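Have a look at final13.txt below; it lists compact mmCIF, C-alpha atoms.
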```
# COMPACT_ATOMS: atom_id res chain seq x y z
CA MET A 1 89.58 82.11 89.93
CA THR A 2 92.42 80.17 91.51
CA THR A 3 95.96 80.37 90.14
CA SER A 4 97.94 77.19 90.73
CA TYR A 5 101.69 76.84 91.13
CA ALA A 6 103.66 73.59 91.26
CA TYR A 7 106.77 73.83 93.41
CA ALA A 8 109.38 71.19 94.18
CA LEU A 9 110.90 71.81 97.61
CA GLU A 10 114.40 70.98 96.37
CA GLN A 11 114.14 74.08 94.12
CA LEU A 12 114.21 76.16 97.30
CA LEU A 13 117.92 75.41 97.68
CA THR A 14 118.46 77.24 94.38
CA ASP A 15 115.93 80.04 94.77
CA GLN A 16 117.13 80.99 98.26
CA GLU A 17 120.38 80.87 100.23
CA HIS A 18 121.20 77.27 101.17
CA ASP A 19 122.33 78.06 104.70
CA LEU A 20 119.18 80.05 105.46
CA VAL A 21 116.70 77.43 104.28
CA ALA A 22 118.54 74.20 105.16
CA ASP A 23 117.31 73.99 108.76
CA THR A 24 113.70 74.59 107.71
CA ILE A 25 113.43 71.66 105.27
CA ALA A 26 113.21 68.80 107.79
CA PRO A 27 110.43 70.59 109.73
CA VAL A 28 108.46 70.99 106.48
CA LEU A 29 108.81 67.26 105.80
CA ALA A 30 107.69 66.45 109.35
CA TRP A 31 104.80 68.95 109.63
CA VAL A 32 103.10 69.24 106.26
CA PRO A 33 102.00 65.58 105.68
CA GLY A 34 100.22 65.35 109.03
CA LYS A 35 99.87 62.14 111.02
CA THR A 36 97.47 60.13 108.84
CA THR A 37 98.19 58.14 105.69
CA LYS A 38 95.27 59.83 103.93
CA ARG A 39 96.95 63.25 104.18
CA ALA A 40 100.44 62.05 103.31
CA ALA A 41 100.17 61.86 99.50
CA GLN A 42 101.94 64.40 97.31
CA PRO A 43 101.30 67.00 96.10
CA PHE A 44 100.49 68.83 99.31
CA VAL A 45 98.14 71.62 98.27
CA PHE A 46 97.93 74.84 100.25
CA GLU A 47 95.08 77.22 99.43
CA LEU A 48 96.65 80.61 99.94
CA GLU A 49 95.03 84.04 100.20
CA HIS A 50 97.37 86.45 98.41
CA LYS A 51 96.92 90.17 98.92
CA LEU A 52 99.13 93.03 97.79
CA SER A 53 98.45 96.33 99.56
CA THR A 54 94.91 97.58 98.79
CA ALA A 55 94.36 95.31 95.77
CA PRO A 56 91.65 92.65 96.16
CA ALA A 57 92.88 89.33 97.55
CA LYS A 58 93.49 86.48 95.12
CA THR A 59 93.34 82.76 95.77
CA VAL A 60 96.50 80.84 94.96
CA ALA A 61 97.02 77.09 95.20
CA ILE A 62 100.59 75.98 95.87
CA HIS A 63 101.12 72.33 94.96
CA LEU A 64 104.16 71.35 97.02
CA THR A 65 106.20 68.23 96.27
CA TRP A 66 109.62 66.94 97.25
CA ASP A 67 112.15 64.25 96.45
CA VAL A 68 113.84 63.19 99.68
CA ALA A 69 116.84 61.69 97.86
CA LYS A 70 117.54 64.95 96.02
CA LEU A 71 117.09 66.98 99.20
CA GLN A 72 119.34 64.69 101.23
CA ALA A 73 122.08 64.97 98.61
CA ARG A 74 122.20 68.68 99.51
CA ILE A 75 121.37 68.32 103.24
CA PRO A 76 123.04 65.20 104.71
CA GLY A 77 121.03 63.49 107.45
CA LEU A 78 117.79 65.20 106.41
CA ALA A 79 115.54 62.12 106.39
CA ALA A 80 116.59 61.03 109.89
CA HIS A 81 116.17 64.58 111.18
CA ALA A 82 112.66 64.80 109.74
CA GLU A 83 111.72 61.46 111.29
CA ARG A 84 112.94 62.58 114.73
CA LEU A 85 110.87 65.74 114.45
CA LYS A 86 107.80 63.82 113.35
CA SER A 87 108.09 61.27 116.16
CA GLY A 88 108.78 63.89 118.82
CA GLY A 89 112.27 62.54 119.47
CA SER A 90 113.99 65.90 119.09
CA ALA A 91 114.62 68.92 121.28
CA GLN A 92 113.03 70.95 118.48
CA ARG A 93 109.70 69.10 118.68
CA GLU A 94 107.81 72.08 120.14
CA HIS A 95 109.17 74.42 117.45
CA VAL A 96 108.24 72.35 114.39
CA PRO A 97 105.24 74.53 113.33
CA GLU A 98 107.37 77.68 113.55
CA LEU A 99 110.33 76.22 111.68
CA ALA A 100 108.13 74.61 109.02
CA ALA A 101 106.32 77.92 108.52
CA TYR A 102 109.70 79.55 107.83
CA GLY A 103 110.33 76.96 105.13
CA LEU A 104 106.89 77.49 103.62
CA ALA A 105 107.36 81.26 103.74
CA PHE A 106 110.56 80.81 101.72
CA VAL A 107 108.49 78.85 99.20
CA ALA A 108 105.85 81.60 99.00
CA ILE A 109 108.50 84.28 98.56
CA SER A 110 110.12 82.28 95.76
CA VAL A 111 106.77 81.70 94.02
CA LEU A 112 104.97 85.01 94.59
CA MET A 113 107.94 87.41 94.77
CA PRO A 114 110.17 86.00 92.01
CA GLY A 115 113.76 87.17 92.20
CA VAL A 116 113.53 88.21 95.86
CA ARG A 117 116.13 86.48 98.01
CA VAL A 118 116.11 86.53 101.78
CA LEU A 119 119.39 87.85 103.18
CA ALA A 120 119.04 87.20 106.90
CA PHE A 121 116.88 86.20 109.82
CA ARG A 122 116.13 89.13 112.12
CA LYS A 123 116.88 88.39 115.75
CA GLY A 124 114.23 89.22 118.32
CA LEU A 125 112.20 91.73 116.31
CA ALA A 126 109.73 91.62 113.43
CA PRO A 127 109.88 90.92 110.55
CA ASP A 128 111.49 87.48 110.77
CA LEU A 129 112.97 87.23 107.25
CA LEU A 130 114.81 90.23 105.78
CA PHE A 131 115.36 90.86 102.09
CA ASP A 132 116.66 94.40 102.68
CA VAL A 133 118.86 94.97 105.74
CA THR A 134 119.16 98.76 105.44
CA PRO A 135 119.27 100.09 109.04
CA GLY A 136 116.10 102.01 109.85
CA ALA A 137 114.40 100.85 106.64
CA PHE A 138 114.16 97.09 106.90
CA LYS A 139 112.11 95.12 104.39
CA GLY A 140 110.94 91.61 105.05
CA VAL A 141 108.38 88.99 105.96
CA GLU A 142 106.88 88.10 109.35
CA VAL A 143 106.02 84.40 109.68
CA ALA A 144 103.77 82.24 111.85
CA GLY A 145 102.53 78.65 111.74
CA ARG A 146 99.49 77.02 113.33
CA SER A 147 98.87 73.28 113.37
CA THR A 148 95.07 73.63 113.36
CA GLY A 149 92.37 76.27 113.21
CA GLY A 150 92.35 77.07 109.52
CA ALA A 151 91.78 80.50 108.02
CA ALA A 152 90.06 81.83 111.16
CA SER A 153 93.15 81.10 113.23
CA LEU A 154 95.42 82.80 110.70
CA ARG A 155 93.19 85.86 110.53
CA GLY A 156 93.42 86.08 114.32
CA VAL A 157 97.22 86.11 114.04
CA ARG A 158 97.04 88.79 111.35
CA ASP A 159 94.35 91.02 112.84
CA GLY A 160 94.54 90.29 116.55
CA THR A 161 91.71 89.18 118.79
CA PRO A 162 89.18 91.18 120.85
CA GLN A 163 88.99 91.04 124.60
CA THR A 164 86.84 88.26 125.98
CA ALA A 165 86.00 87.02 129.44
CA GLY A 166 89.29 86.03 131.01
CA LYS A 167 91.40 86.88 127.96
CA PRO A 168 92.89 90.28 127.07
CA ALA A 169 92.79 91.65 123.53
CA THR A 170 95.81 90.92 121.35
CA LEU A 171 97.37 93.12 118.67
CA GLY A 172 97.72 91.41 115.31
CA LYS A 173 101.00 91.02 113.46
CA ALA A 174 99.85 93.40 110.70
CA ALA A 175 99.32 96.28 113.13
CA GLN A 176 102.58 95.52 114.92
CA LEU A 177 104.52 95.77 111.67
CA VAL A 178 102.77 98.97 110.57
CA ALA A 179 103.70 100.56 113.91
CA ARG A 180 107.41 99.83 113.58
CA ALA A 181 109.25 102.97 112.43
CA ASP A 182 112.32 100.94 111.43
CA VAL A 183 110.38 98.82 108.92
CA ALA A 184 109.90 100.28 105.44
CA GLU A 185 108.14 97.31 103.82
CA ALA A 186 106.49 94.35 105.49
CA HIS A 187 104.67 91.20 104.45
CA ILE A 188 103.10 88.46 106.55
CA SER A 189 103.25 84.77 105.69
CA LEU A 190 100.93 82.64 107.82
CA TRP A 191 100.47 78.86 107.50
CA CYS A 192 98.10 76.24 108.86
CA ALA A 193 98.77 72.50 108.48
CA SER A 194 95.21 71.20 109.01
CA PRO A 195 93.45 72.32 106.93
CA ARG A 196 96.23 73.38 104.57
CA VAL A 197 95.60 77.09 104.16
CA ALA A 198 97.82 80.16 104.18
CA ILE A 199 97.84 83.95 103.99
CA GLN A 200 100.55 85.93 102.17
CA GLN A 201 99.87 89.65 102.46
CA LYS A 202 101.73 92.91 102.08
CA VAL A 203 100.83 95.10 105.05
CA LYS A 204 103.28 98.00 104.71
CA PRO A 205 103.49 100.36 102.93
```

Can the structure from this file be put into structure tokens for me?
Amino acid sequence: MTTSYAYALEQLLTDQEHDLVADTIAPVLAWVPGKTTKRAAQPFVFELEHKLSTAPAKTVAIHLTWDVAKLQARIPGLAAHAERLKSGGSAQREHVPELAAYGLAFVAISVLMPGVRVLAFRKGLAPDLLFDVTPGAFKGVEVAGRSTGGAASLRGVRDGTPQTAGKPATLGKAAQLVARADVAEAHISLWCASPRVAIQQKVKP
């Protein structure tokens, strides 16, 4: 059974700290609709696999909408910024999937972890988004975005990939987080734009 949630992106500016989410909104507007008219109609529905620790995974559908006028009232210049990102006319063009995934992770946290507010981005080390900044006992969410590849691509990010001819094995984000002694609680939030699928999973403890 699928549980559905409707979420207006402008609500993110209330549910989370404005300054933390503001730079992720334009990338969401540029990345999520895709490049074809057929995919550009709201709501944008992400089928999300939600798993808490050892409990069985549940399927969640997040129906994402936004009102550009309301967003721009809080983030001046947003529409032009999103258009530059979408057209490739921005120095951030290669980072759009990553930045949009941050925005979508904020949405998932707000929907699936009600009351949890991200306090900071972590610099250089996992997890990316911290909601507890206690030294030596960080709690937070590691994020990744993929433009294509669907659930298989996201599982590869989570679990790693085996060695193949010409390619070494990779360690997945889940195992990397479990191995970090300075992380007390960790979640992963992984997003794919085409098809629109996601994984939100608690991996530690």

Can you tell me, as a compact mmCIF listing (two decimals) with C-alpha atoms, in the frame of the given file, what residues are no more than 9 Å from region 56-63 of chain A when counting only C-alpha atoms, ignoring any on the same chain fewer than 4 positions away?
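This went into result.txt:
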```txt
# COMPACT_ATOMS: atom_id res chain seq x y z
CA MET A 1 89.58 82.11 89.93
CA THR A 2 92.42 80.17 91.51
CA THR A 3 95.96 80.37 90.14
CA SER A 4 97.94 77.19 90.73
CA TYR A 5 101.69 76.84 91.13
CA ALA A 6 103.66 73.59 91.26
CA TYR A 7 106.77 73.83 93.41
CA ALA A 8 109.38 71.19 94.18
CA GLN A 42 101.94 64.40 97.31
CA PRO A 43 101.30 67.00 96.10
CA PHE A 44 100.49 68.83 99.31
CA VAL A 45 98.14 71.62 98.27
CA PHE A 46 97.93 74.84 100.25
CA GLU A 47 95.08 77.22 99.43
CA LEU A 48 96.65 80.61 99.94
CA GLU A 49 95.03 84.04 100.20
CA HIS A 50 97.37 86.45 98.41
CA LYS A 51 96.92 90.17 98.92
CA LEU A 52 99.13 93.03 97.79
CA ALA A 108 105.85 81.60 99.00
CA VAL A 111 106.77 81.70 94.02
CA GLN A 201 99.87 89.65 102.46
```

**Request:** Would you be able to write out as a list in words which residues have an atom within 12 Å of (109.1, 69.0, 117.8) in the file's coordinates, counting all atoms listed in the file?
**Result:**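 Residues with an atom close enough to that point: Ala26, Pro27, Val28, Ala30, Trp31, His81, Ala82, Glu83, Arg84, Leu85, Lys86, Ser87, Gly88, Gly89, Ser90, Ala91, Gln92, Arg93, Glu94, His95, Val96, Pro97, Glu98, Leu99, Ala100 and Ser147 of chain A.
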
**Request:** Could you please determine the separation between CA of Ala174 (chain A) and CA of Gln16 (chain A) in Å, to one decimal place?
**Result:** 24.6 Å

**Request:** Figure out the distance between CA of Ser53 (chain A) and CA of Ala181 (chain A), please, to one decimal in Å.
**Result:** 18.1 Å

**Request:** Find the distance between CA of Gln163 (chain A) and CA of Ala151 (chain A) and write it in Å to one decimal.
**Result:**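 Atom-to-atom, CA of Gln163 (chain A) to CA of Ala151 (chain A), that is 19.8 Å.
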
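Nearest residue to Val197 (chain A) among A:Thr170, A:Thr161, A:Ser153, A:Gln176 is A:Ser153, counting all atoms listed in the file.
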
**Asked** So which residues touch Ala120 (chain A) within 12 Å, counting all atoms listed in the file, skipping near sequence neighbours fewer than 4 positions away, as a PyMOL selection string?
**Response** chain A and resi 16-21+106+127-134+138-141

**Selection near Ala105 (chain A), 9 Å with only C-alpha atoms, sequence-local residues under 2 positions removed, as JSON, numbers by chain** = {"A": [100, 101, 102, 103, 107, 108, 109, 110, 129, 141, 142, 143, 144, 188, 189, 190, 191, 200]}

From the structure just shown, export region 18-161 of chain A with C-alpha atoms as a PDB file, in the first residue's frame.
```pdb
ATOM      1  CA  HIS A  18      15.492  29.727   5.108  1.00  0.00           C
ATOM      2  CA  ASP A  19      19.202  30.296   4.589  1.00  0.00           C
ATOM      3  CA  LEU A  20      19.928  26.561   4.374  1.00  0.00           C
ATOM      4  CA  VAL A  21      17.257  25.737   1.809  1.00  0.00           C
ATOM      5  CA  ALA A  22      17.190  28.948  -0.270  1.00  0.00           C
ATOM      6  CA  ASP A  23      20.017  27.959  -2.631  1.00  0.00           C
ATOM      7  CA  THR A  24      18.472  24.542  -3.289  1.00  0.00           C
ATOM      8  CA  ILE A  25      15.086  25.794  -4.543  1.00  0.00           C
ATOM      9  CA  ALA A  26      16.142  27.021  -7.994  1.00  0.00           C
ATOM     10  CA  PRO A  27      17.915  23.711  -8.738  1.00  0.00           C
ATOM     11  CA  VAL A  28      14.725  21.824  -7.815  1.00  0.00           C
ATOM     12  CA  LEU A  29      12.725  24.003 -10.215  1.00  0.00           C
ATOM     13  CA  ALA A  30      15.296  23.418 -12.962  1.00  0.00           C
ATOM     14  CA  TRP A  31      15.856  19.658 -12.449  1.00  0.00           C
ATOM     15  CA  VAL A  32      12.581  18.067 -11.431  1.00  0.00           C
ATOM     16  CA  PRO A  33      10.356  18.949 -14.459  1.00  0.00           C
ATOM     17  CA  GLY A  34      12.817  17.510 -16.974  1.00  0.00           C
ATOM     18  CA  LYS A  35      13.236  18.802 -20.517  1.00  0.00           C
ATOM     19  CA  THR A  36       9.939  17.746 -22.122  1.00  0.00           C
ATOM     20  CA  THR A  37       6.524  19.381 -21.879  1.00  0.00           C
ATOM     21  CA  LYS A  38       4.943  16.015 -21.070  1.00  0.00           C
ATOM     22  CA  ARG A  39       6.914  15.755 -17.804  1.00  0.00           C
ATOM     23  CA  ALA A  40       6.493  19.383 -16.780  1.00  0.00           C
ATOM     24  CA  ALA A  41       2.968  19.261 -15.293  1.00  0.00           C
ATOM     25  CA  GLN A  42       2.442  19.531 -11.548  1.00  0.00           C
ATOM     26  CA  PRO A  43       2.254  17.685  -9.272  1.00  0.00           C
ATOM     27  CA  PHE A  44       5.639  16.049  -9.701  1.00  0.00           C
ATOM     28  CA  VAL A  45       5.261  12.620  -8.114  1.00  0.00           C
ATOM     29  CA  PHE A  46       8.252  10.812  -6.644  1.00  0.00           C
ATOM     30  CA  GLU A  47       7.794   7.156  -5.701  1.00  0.00           C
ATOM     31  CA  LEU A  48       9.956   6.817  -2.625  1.00  0.00           C
ATOM     32  CA  GLU A  49      11.168   3.693  -0.834  1.00  0.00           C
ATOM     33  CA  HIS A  50      11.085   4.521   2.885  1.00  0.00           C
ATOM     34  CA  LYS A  51      12.899   2.259   5.316  1.00  0.00           C
ATOM     35  CA  LEU A  52      13.546   2.743   9.016  1.00  0.00           C
ATOM     36  CA  SER A  53      16.269   0.494  10.438  1.00  0.00           C
ATOM     37  CA  THR A  54      15.243  -3.188  10.185  1.00  0.00           C
ATOM     38  CA  ALA A  55      11.540  -2.510   9.581  1.00  0.00           C
ATOM     39  CA  PRO A  56      10.194  -3.521   6.161  1.00  0.00           C
ATOM     40  CA  ALA A  57      10.408  -0.803   3.512  1.00  0.00           C
ATOM     41  CA  LYS A  58       7.259   1.161   2.711  1.00  0.00           C
ATOM     42  CA  THR A  59       6.328   2.893  -0.516  1.00  0.00           C
ATOM     43  CA  VAL A  60       5.589   6.595  -0.222  1.00  0.00           C
ATOM     44  CA  ALA A  61       4.444   8.923  -2.991  1.00  0.00           C
ATOM     45  CA  ILE A  62       5.438  12.566  -2.579  1.00  0.00           C
ATOM     46  CA  HIS A  63       3.310  14.867  -4.730  1.00  0.00           C
ATOM     47  CA  LEU A  64       5.459  17.974  -5.082  1.00  0.00           C
ATOM     48  CA  THR A  65       4.036  21.308  -6.237  1.00  0.00           C
ATOM     49  CA  TRP A  66       5.200  24.905  -6.167  1.00  0.00           C
ATOM     50  CA  ASP A  67       4.024  28.449  -6.744  1.00  0.00           C
ATOM     51  CA  VAL A  68       6.867  30.425  -8.304  1.00  0.00           C
ATOM     52  CA  ALA A  69       5.364  33.783  -7.291  1.00  0.00           C
ATOM     53  CA  LYS A  70       5.183  32.761  -3.622  1.00  0.00           C
ATOM     54  CA  LEU A  71       8.707  31.345  -3.727  1.00  0.00           C
ATOM     55  CA  GLN A  72      10.129  34.422  -5.426  1.00  0.00           C
ATOM     56  CA  ALA A  73       8.558  36.662  -2.788  1.00  0.00           C
ATOM     57  CA  ARG A  74      10.856  34.909  -0.293  1.00  0.00           C
ATOM     58  CA  ILE A  75      13.824  34.351  -2.653  1.00  0.00           C
ATOM     59  CA  PRO A  76      14.284  37.353  -4.996  1.00  0.00           C
ATOM     60  CA  GLY A  77      15.571  36.450  -8.461  1.00  0.00           C
ATOM     61  CA  LEU A  78      14.565  32.804  -8.105  1.00  0.00           C
ATOM     62  CA  ALA A  79      12.799  32.399 -11.461  1.00  0.00           C
ATOM     63  CA  ALA A  80      15.719  33.833 -13.443  1.00  0.00           C
ATOM     64  CA  HIS A  81      18.175  31.686 -11.492  1.00  0.00           C
ATOM     65  CA  ALA A  82      16.152  28.540 -12.216  1.00  0.00           C
ATOM     66  CA  GLU A  83      15.987  29.396 -15.915  1.00  0.00           C
ATOM     67  CA  ARG A  84      19.773  29.869 -16.101  1.00  0.00           C
ATOM     68  CA  LEU A  85      20.286  26.496 -14.451  1.00  0.00           C
ATOM     69  CA  LYS A  86      17.827  24.808 -16.787  1.00  0.00           C
ATOM     70  CA  SER A  87      19.388  26.323 -19.913  1.00  0.00           C
ATOM     71  CA  GLY A  88      22.943  25.594 -18.812  1.00  0.00           C
ATOM     72  CA  GLY A  89      23.805  29.284 -18.604  1.00  0.00           C
ATOM     73  CA  SER A  90      25.202  29.094 -15.083  1.00  0.00           C
ATOM     74  CA  ALA A  91      28.494  28.109 -13.491  1.00  0.00           C
ATOM     75  CA  GLN A  92      26.434  25.732 -11.339  1.00  0.00           C
ATOM     76  CA  ARG A  93      25.101  23.777 -14.336  1.00  0.00           C
ATOM     77  CA  GLU A  94      27.136  20.636 -13.549  1.00  0.00           C
ATOM     78  CA  HIS A  95      25.988  20.658  -9.913  1.00  0.00           C
ATOM     79  CA  VAL A  96      22.239  20.913 -10.506  1.00  0.00           C
ATOM     80  CA  PRO A  97      21.450  17.231  -9.668  1.00  0.00           C
ATOM     81  CA  GLU A  98      23.400  17.486  -6.405  1.00  0.00           C
ATOM     82  CA  LEU A  99      21.854  20.796  -5.354  1.00  0.00           C
ATOM     83  CA  ALA A 100      18.341  19.705  -6.342  1.00  0.00           C
ATOM     84  CA  ALA A 101      18.783  16.483  -4.370  1.00  0.00           C
ATOM     85  CA  TYR A 102      19.609  18.593  -1.298  1.00  0.00           C
ATOM     86  CA  GLY A 103      16.335  20.453  -1.769  1.00  0.00           C
ATOM     87  CA  LEU A 104      14.394  17.220  -2.187  1.00  0.00           C
ATOM     88  CA  ALA A 105      16.106  15.739   0.864  1.00  0.00           C
ATOM     89  CA  PHE A 106      14.888  18.743   2.869  1.00  0.00           C
ATOM     90  CA  VAL A 107      11.388  17.946   1.599  1.00  0.00           C
ATOM     91  CA  ALA A 108      11.675  14.283   2.640  1.00  0.00           C
ATOM     92  CA  ILE A 109      12.971  15.234   6.077  1.00  0.00           C
ATOM     93  CA  SER A 110      10.072  17.653   6.544  1.00  0.00           C
ATOM     94  CA  VAL A 111       7.511  15.056   5.419  1.00  0.00           C
ATOM     95  CA  LEU A 112       8.901  11.842   6.903  1.00  0.00           C
ATOM     96  CA  MET A 113      10.709  13.203   9.982  1.00  0.00           C
ATOM     97  CA  PRO A 114       8.225  15.858  11.160  1.00  0.00           C
ATOM     98  CA  GLY A 115       9.705  18.375  13.562  1.00  0.00           C
ATOM     99  CA  VAL A 116      13.306  17.631  12.569  1.00  0.00           C
ATOM    100  CA  ARG A 117      15.148  20.741  11.398  1.00  0.00           C
ATOM    101  CA  VAL A 118      18.511  20.672   9.695  1.00  0.00           C
ATOM    102  CA  LEU A 119      21.043  22.847  11.516  1.00  0.00           C
ATOM    103  CA  ALA A 120      24.006  22.846   9.154  1.00  0.00           C
ATOM    104  CA  PHE A 121      25.697  21.469   6.079  1.00  0.00           C
ATOM    105  CA  ARG A 122      28.714  19.343   6.945  1.00  0.00           C
ATOM    106  CA  LYS A 123      31.828  20.335   5.037  1.00  0.00           C
ATOM    107  CA  GLY A 124      33.810  17.618   3.318  1.00  0.00           C
ATOM    108  CA  LEU A 125      32.549  14.607   5.271  1.00  0.00           C
ATOM    109  CA  ALA A 126      29.367  12.542   5.425  1.00  0.00           C
ATOM    110  CA  PRO A 127      26.565  13.042   6.273  1.00  0.00           C
ATOM    111  CA  ASP A 128      25.775  16.160   4.244  1.00  0.00           C
ATOM    112  CA  LEU A 129      22.898  17.577   6.327  1.00  0.00           C
ATOM    113  CA  LEU A 130      23.220  17.675  10.122  1.00  0.00           C
ATOM    114  CA  PHE A 131      20.320  17.855  12.554  1.00  0.00           C
ATOM    115  CA  ASP A 132      22.555  17.201  15.577  1.00  0.00           C
ATOM    116  CA  VAL A 133      26.008  18.808  15.589  1.00  0.00           C
ATOM    117  CA  THR A 134      27.318  17.166  18.768  1.00  0.00           C
ATOM    118  CA  PRO A 135      31.063  16.581  18.184  1.00  0.00           C
ATOM    119  CA  GLY A 136      31.798  12.868  17.887  1.00  0.00           C
ATOM    120  CA  ALA A 137      28.090  11.996  17.719  1.00  0.00           C
ATOM    121  CA  PHE A 138      26.772  13.675  14.598  1.00  0.00           C
ATOM    122  CA  LYS A 139      23.290  12.896  13.334  1.00  0.00           C
ATOM    123  CA  GLY A 140      22.210  13.640   9.812  1.00  0.00           C
ATOM    124  CA  VAL A 141      21.377  12.730   6.243  1.00  0.00           C
ATOM    125  CA  GLU A 142      23.684  11.866   3.334  1.00  0.00           C
ATOM    126  CA  VAL A 143      22.303  12.968  -0.047  1.00  0.00           C
ATOM    127  CA  ALA A 144      22.843  12.102  -3.706  1.00  0.00           C
ATOM    128  CA  GLY A 145      21.040  12.820  -6.968  1.00  0.00           C
ATOM    129  CA  ARG A 146      21.086  11.001 -10.300  1.00  0.00           C
ATOM    130  CA  SER A 147      19.499  12.343 -13.470  1.00  0.00           C
ATOM    131  CA  THR A 148      18.735   8.882 -14.879  1.00  0.00           C
ATOM    132  CA  GLY A 149      19.017   5.217 -13.971  1.00  0.00           C
ATOM    133  CA  GLY A 150      16.045   4.819 -11.671  1.00  0.00           C
ATOM    134  CA  ALA A 151      15.942   2.612  -8.585  1.00  0.00           C
ATOM    135  CA  ALA A 152      18.852   0.439  -9.770  1.00  0.00           C
ATOM    136  CA  SER A 153      21.130   3.467  -9.923  1.00  0.00           C
ATOM    137  CA  LEU A 154      20.085   4.597  -6.447  1.00  0.00           C
ATOM    138  CA  ARG A 155      20.628   1.132  -4.997  1.00  0.00           C
ATOM    139  CA  GLY A 156      24.129   1.204  -6.474  1.00  0.00           C
ATOM    140  CA  VAL A 157      24.790   4.477  -4.640  1.00  0.00           C
ATOM    141  CA  ARG A 158      23.420   2.991  -1.415  1.00  0.00           C
ATOM    142  CA  ASP A 159      24.991  -0.456  -1.580  1.00  0.00           C
ATOM    143  CA  GLY A 160      28.041   0.048  -3.759  1.00  0.00           C
ATOM    144  CA  THR A 161      28.928  -1.855  -6.901  1.00  0.00           C
TER     145      THR A 161
END
```
